[in-house]
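Novice: First the structure, which I've put down as C-alpha cells, then a few questions once you've had a look.
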Amino acid sequence: MKTRAPIETALLALGLVALLLFPLLGAKFYLQLFAKIMIMAVFAMSLDLLVGYAGLVSFGHAAFFGIGAYMLWWLSPQYAAANFWFSLPAAMAAAALAALAVGLLVLRCSGVYFIMVTLAFAQMFFYFATGSKFFGGSDGVYIYVKPVSGLFNLGDAAQFYYVALTAMAGTYLLLRGLIGTLFGRALLGIRGNEQRMRSLGFSTFGYKLAAFALAGALAGLAGYLDAAQFGFVNPDLFGWRLSGLALMMVILGGMGTLYGPILGAFVLVLLQDTLSDATRHWLLPMGVFIILAVLFLPRGVSGLLKRAEGKNG
Amino acid sequence: MSDSLVFFLIQVLNGVQEGLLLFLVASGLTLVFGIMGVINLAHGSFYMLGAYLAYALTQLTGNLFFAVLLAVPLAVVFGLALEALLFRPLYARDHLYQVLLTYGLILALEEMRSLVFGDDVHGVALPRALDFSIHLTGALSYPAYRLFMSAMCLVIAGGLWLLIQKTRLGMAIRAGASNREMVQSLGIDIAWIYRAVFALGVALAAFAGMIAVPVASVFPGMGNQILIISFVVVVIGGIGSIKGAFLGSLLIGLADTFGQVFAPQLAGMTVYVLMAAVLLWRPAGLFGGNPR
C-alpha cells in the first residue's frame with residue numbers, strides 16, 4: 001500500500017482550517033448552505049465506502065438517509081424538543097438495522113442486479129412513507145422544535161455549522177481509519193476479486209454486510225442532520241433522485257478516496273444552488289452537466305488533481 | 001355468474017392488461033441489457049416520450065391511430081440519435097457510468113418535457129371506435145379499449161417471439177447475447193445488431209406509452225414510475241430473459257392490481273414484497289442464468 005501523498009494531506013488540512021475559520025466571515029445564508037453541503041458530504045462518503053471500497057454500487061442509498069430523517073421526526077414530541085444525545089444514536093441505529101435487513105437480501109445479488117435491487121428497495125420505503133398516514137403521506141411532516149443537547153444550540157446557524165463540520169470530519173477520520181484496518185483491506189480485496197477472498201477463507205458476505213450496515217448508519221446520521229437543519233421531512237428523501245445525486249458526488253469527486261466525495265458534494269450542491277437560483281428548469285443544465293462529466297471526466301476531480309500532481313512531481 | 005366472481009374476473013383482466021403493458025417496457029430493458037450489456041435508466045423516458053408524442057399528435061391529427069403511426073418512427077429516430085451520441089461511448093465502460101449518464105439523461109429529458117408541455121396532467125380521448133363497454137352483468141361491465149390494449153400487447157409479444165426465434169436477425173441477436181466476440185469473428189456486424197436492438201427497445205417502450213395514454217393520461221414523472229417497476233420485473237424474471245420478463249410482468253401486474261383492491265394502504269409496496277420473496281428463493285430471478 002502506498003502512503004498518501006504529502007500534498008494531499010496538506011490540502012486536506014488547509015481545507016479543514018478554511019472551513020473552521022469560515023463562520024468568521026461568512027454570512028448566515030452561506031453558513032446554512034455550507035452546513036447542507038457538509039451533511040451531503042457525510043452521505044456521499046458513506047456511499048463511497050460501498051462503491052469505492054467494497055465495489056457495491058448502491059442506487060438506493062437514500063433509503064437510509066430517509067430513515068435517519070424520519071427517526072428524528074418520530075422521536076420528537078410534537079411541540080417539544082427531542083434529546084440530541086438520545087435521538088441521534090437511535091436514528092443511526094435504526095438506519096443501520098434497516099441496512100442490515102435490506103443488506104441480507106440485496107447482497108445475494110451482484111453487479112447490475114445489485115444496482116436494480118437497491119433502487120427497488122429504496123423505492124419500497126418511498127411508497128411506504130407515501131402511503132402511510134402515520135408518516136404524513138406524500139406531504140411529509142414537520143419537526144417544529146429542533147433537538148436540544150445542553151452543550152450547543154442547533155437553532156444557531158454558526159453552531160449548527162460546526163456540528164455539521166464535526167460530523168463530516170468525524171466521518172472522514174472514522175472511514176479513513178477503518179480502511180487501514182484488516183476490515184478495510186478485506187473490503188478492497190473483495191472489490192478486486194471476491195472469489196479469491198473467499199478461497200482465502202474470508203466470509204465475504206459478512207464483510208459486505210458489515211460495510212452495508214455501517215454505510216447505512218452514516219447515511220442515517222446525514223439524514224438526521226438534514227431533518228434537524230430544515231425541520232421538514234418528506235418521502236422524496238428516500239427517492240432515486242437523491243440516491244443518484246450521492247452517487248454522482250462520489251464519482252465526480254473520485255471514488256475510493258473519501259475526500260473525493262467531499263469535493264463532489266461541494267461542486268454539486270453549489271452548482272445546484274447556482275442553477276436553481278438562475279432558472280426554474282435547473283434540472284436540465286444539471287442533467288447535461290452530469291452527462292458531460294461522465295463522458296469527459298471519468299476519474300473525477302481527484303483524478304484531475306492526481307494527474308496535475310504527477311506532472312509537477 | 002355472481003357479481004363477486006365477475007368482480008374478481010375484472011381484476012384479473014386489469015392485472016393482465018397492466019402486466020402486458022409493462023412487458024413492452026421491460027422486454028426492451030432486458031434485451032438492451034442482455035445483448036448490449038448496457039443498463040439504461042432512461043428507458044422509462046422513452047415510455048414518457050411515446051405518451052407525450054401520442055398526446056401532441058392526437059391534438060394535431062385528431063386521431064390516436066394516426067398519431068401512433070407517426071409517433072413510433074419519430075421515437076425510434078430520437079432513440080437512435082441518443083444511441084449514437086451518448087450510449088456508444090458507454091458500451092465498454094462499467095455499469096456505474098452507464099447508470100450515472102442515464103441518470104443525467106433522465107433529469108434532462110424530464111425537464112425538457114416540462115419546458116415543452118408544462119407540468120399539467122393531460123388526457124387523450126378514447127378512440128371513438130373503441131369507446132364502449134362490454135356488459136358482463138347488470139351492474140358490471142368492462143371497457144373495450146382495455147381489451148384492445150391487451151390484445152395489441154399480446155400480438156406484439158407474439159411478434160417479438162417470432163422475430164427472436166425464427167428470423168436471421170433474431171438468430172444474430174441470440175448469438176450476440178451469448179458470445180459477442182464469436183459473432184463478430186463470424187462476420188456479423190455487431191454494431192448494427194446493437195442499433196437494431198436499441199431501436200426495438202425504444203419502439204416497444206414508446207408504443208406502450210402511446211397506447212396507455214387514453215387510460216393513464218400524461219403526467220410528470222410517468223417515465224420513472226414505469227422504469228422502476230420494469231426493473232422489478234427484470235429482477236424477478238432474470239436479466240436478459242424475454243420469457244422471464246413476460247412472466248414477471250404478468251406477476252407484477254396481478255400483484256399490483258390485487259394489492260390495490262385488498263390492501264390499498266400498502267398498494268405501492270406489494271410488488272416490492274413480491275420481489276423480495278423471489279430474491280430469497282432465486283437470487284438470479286426466475287429465468288436468470290449467472291448474474292453478472
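Residue names in the C-alpha cells use chain letters A, B, ... in the order shown, residue numbers from 1 in each chain, and ligand numbers from 1 in the order shown.
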Residues of chain B within 9 Å of chain A, using only C-alpha atoms, as number ranges by chain?
Specialist: B: 39, 86, 89-90, 95-112, 114-115, 228-229, 231-232, 234-235, 239, 264-273, 275-276, 279-280, 283-284, 291-292
Novice: Env of Thr30 of chain B: 6 Å cut, atoms = only C-alpha atoms, seq-sep filter 3 positions within chain, self excluded. Answer as a list of chain:residue names.
Specialist: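 Neighbouring residues, sequence-local ones excluded: B:Ser27, B:Phe33, B:Gly34, B:Ile239, B:Gly240.
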Novice: Keeping N, CA and C atoms, export the residues of the selection given above as an mmCIF file, in the first residue's frame.
Specialist:
```
data_model
loop_
_atom_site.group_PDB
_atom_site.id
_atom_site.type_symbol
_atom_site.label_atom_id
_atom_site.label_comp_id
_atom_site.auth_asym_id
_atom_site.auth_seq_id
_atom_site.Cartn_x
_atom_site.Cartn_y
_atom_site.Cartn_z
ATOM 1 N N SER B 27 -39.399 -5.727 -21.600
ATOM 2 C CA SER B 27 -38.715 -6.586 -22.573
ATOM 3 C C SER B 27 -37.600 -5.802 -23.267
ATOM 4 N N PHE B 33 -30.109 -4.803 -22.060
ATOM 5 C CA PHE B 33 -29.080 -5.234 -21.137
ATOM 6 C C PHE B 33 -28.461 -6.564 -21.558
ATOM 7 N N GLY B 34 -29.303 -7.516 -21.911
ATOM 8 C CA GLY B 34 -28.818 -8.848 -22.230
ATOM 9 C C GLY B 34 -27.874 -8.848 -23.419
ATOM 10 N N ILE B 239 -32.287 -11.286 -15.658
ATOM 11 C CA ILE B 239 -31.825 -10.305 -16.643
ATOM 12 C C ILE B 239 -31.529 -10.959 -17.985
ATOM 13 N N GLY B 240 -32.023 -10.354 -19.050
ATOM 14 C CA GLY B 240 -31.750 -10.861 -20.389
ATOM 15 C C GLY B 240 -32.766 -11.877 -20.873
#
```
Novice: What's around Gly192 of chain A at 12 Å? Count only C-alpha atoms, leave out sequence neighbours fewer than 5 positions away in its own chain, and write the answer as a list of chain:residue names.
Specialist: A:Gly52, A:Tyr53, A:Ala54, A:Gly55, A:Leu56, A:Arg185, A:Ala186, A:Leu187, A:Met197, A:Arg198
Novice: Excluding segment 67-76 of chain A and its own-chain neighbours fewer than 3 positions away, which residues fall within 10 Å of it when counting only C-alpha atoms? Please give them as a ChimeraX atom specification.
Specialist: /A:62-64,79-84,86-96,98-99,125,129,134-135,140-147,216-228,231-235,237-238
Novice: Work out how far atom CA of Leu47 of chain A is from atom CA of Asn193 of chain A, in Å to one decimal.
Specialist: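 Between these atoms lies a distance of 20.1 Å.
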Novice: Please extract the residues of segment 130-311 of chain A with a backbone DSSP assignment of strand (DSSP E or B) and present them as a VMD selection string.
Specialist: chain A and resid 141 to 142 148 232 to 233
Novice: With N, CA and C atoms kept, could you save the residues just selected as a PDB file, in the first residue's frame?
Specialist:
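The new file again23.pdb reads:
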```
ATOM      1  N   VAL A 141     -43.802  15.587   6.865  1.00  0.00           N
ATOM      2  CA  VAL A 141     -44.093  16.019   8.235  1.00  0.00           C
ATOM      3  C   VAL A 141     -43.100  17.113   8.649  1.00  0.00           C
ATOM      4  N   TYR A 142     -43.513  17.900   9.657  1.00  0.00           N
ATOM      5  CA  TYR A 142     -42.657  18.980  10.147  1.00  0.00           C
ATOM      6  C   TYR A 142     -42.106  18.648  11.532  1.00  0.00           C
ATOM      7  N   VAL A 148     -32.447  19.343  21.338  1.00  0.00           N
ATOM      8  CA  VAL A 148     -31.537  20.083  22.227  1.00  0.00           C
ATOM      9  C   VAL A 148     -30.473  19.146  22.782  1.00  0.00           C
ATOM     10  N   PHE A 232     -38.074  19.627   8.174  1.00  0.00           N
ATOM     11  CA  PHE A 232     -39.113  19.137   7.282  1.00  0.00           C
ATOM     12  C   PHE A 232     -38.642  17.833   6.651  1.00  0.00           C
ATOM     13  N   VAL A 233     -39.522  16.859   6.631  1.00  0.00           N
ATOM     14  CA  VAL A 233     -39.159  15.535   6.131  1.00  0.00           C
ATOM     15  C   VAL A 233     -40.243  15.063   5.184  1.00  0.00           C
TER      16      VAL A 233
END
```
Novice: Can you tell me which residues surround segment 133-150 of chain B at a distance of at most 8 Å, considering only C-alpha atoms, apart from same-chain residues fewer than 2 positions away, and format the answer as a PyMOL selection string?
Specialist: chain B and resi 1+3+6-7+10+14+16-17+20-21+126+130-131+152-154+211-212
Novice: Residues of the last selection are to be written out with C-alpha atoms, as a short mmCIF file (atom, residue, chain, number, x, y, z; two decimals), in the first residue's frame.
Specialist:
```cif
data_model
loop_
_atom_site.label_atom_id
_atom_site.label_comp_id
_atom_site.auth_asym_id
_atom_site.auth_seq_id
_atom_site.Cartn_x
_atom_site.Cartn_y
_atom_site.Cartn_z
CA MET B 1 -72.26 -15.62 -12.66
CA ASP B 3 -71.23 -10.32 -9.03
CA VAL B 6 -67.31 -11.14 -12.10
CA PHE B 7 -65.59 -8.50 -9.96
CA ILE B 10 -62.43 -7.87 -13.91
CA ASN B 14 -56.96 -5.42 -15.26
CA VAL B 16 -53.17 -8.95 -17.02
CA GLN B 17 -53.59 -5.75 -19.02
CA LEU B 20 -48.83 -6.92 -20.66
CA LEU B 21 -48.24 -3.20 -20.99
CA LEU B 126 -60.60 7.14 -26.26
CA LEU B 130 -63.41 1.59 -29.07
CA ASP B 131 -65.32 3.91 -26.77
CA MET B 152 -52.27 -5.38 -29.04
CA CYS B 153 -49.67 -6.25 -26.41
CA LEU B 154 -50.21 -9.96 -26.98
CA ILE B 211 -51.50 3.08 -26.25
CA ALA B 212 -51.61 3.74 -22.49
#
```
Novice: Taking into account only C-alpha atoms, which residue in the set A:Ala27, A:Ala210, A:Ala35, A:Leu151 is nearest to Val269 of chain A?
Specialist: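 Result for the nearest residue to Val269 of chain A: A:Ala35.
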Novice: Write out as an NGL selection string each polymer residue whose atoms come within 12 Å of Leu251 of chain B, counting only C-alpha atoms; drop sequence neighbours fewer than 3 positions from it.
Specialist: :B and (12 or 15-20 or 22-23 or 229-230 or 232-234 or 236-237 or 244-248 or 254-259 or 270-272 or 274-275 or 278 or 286)
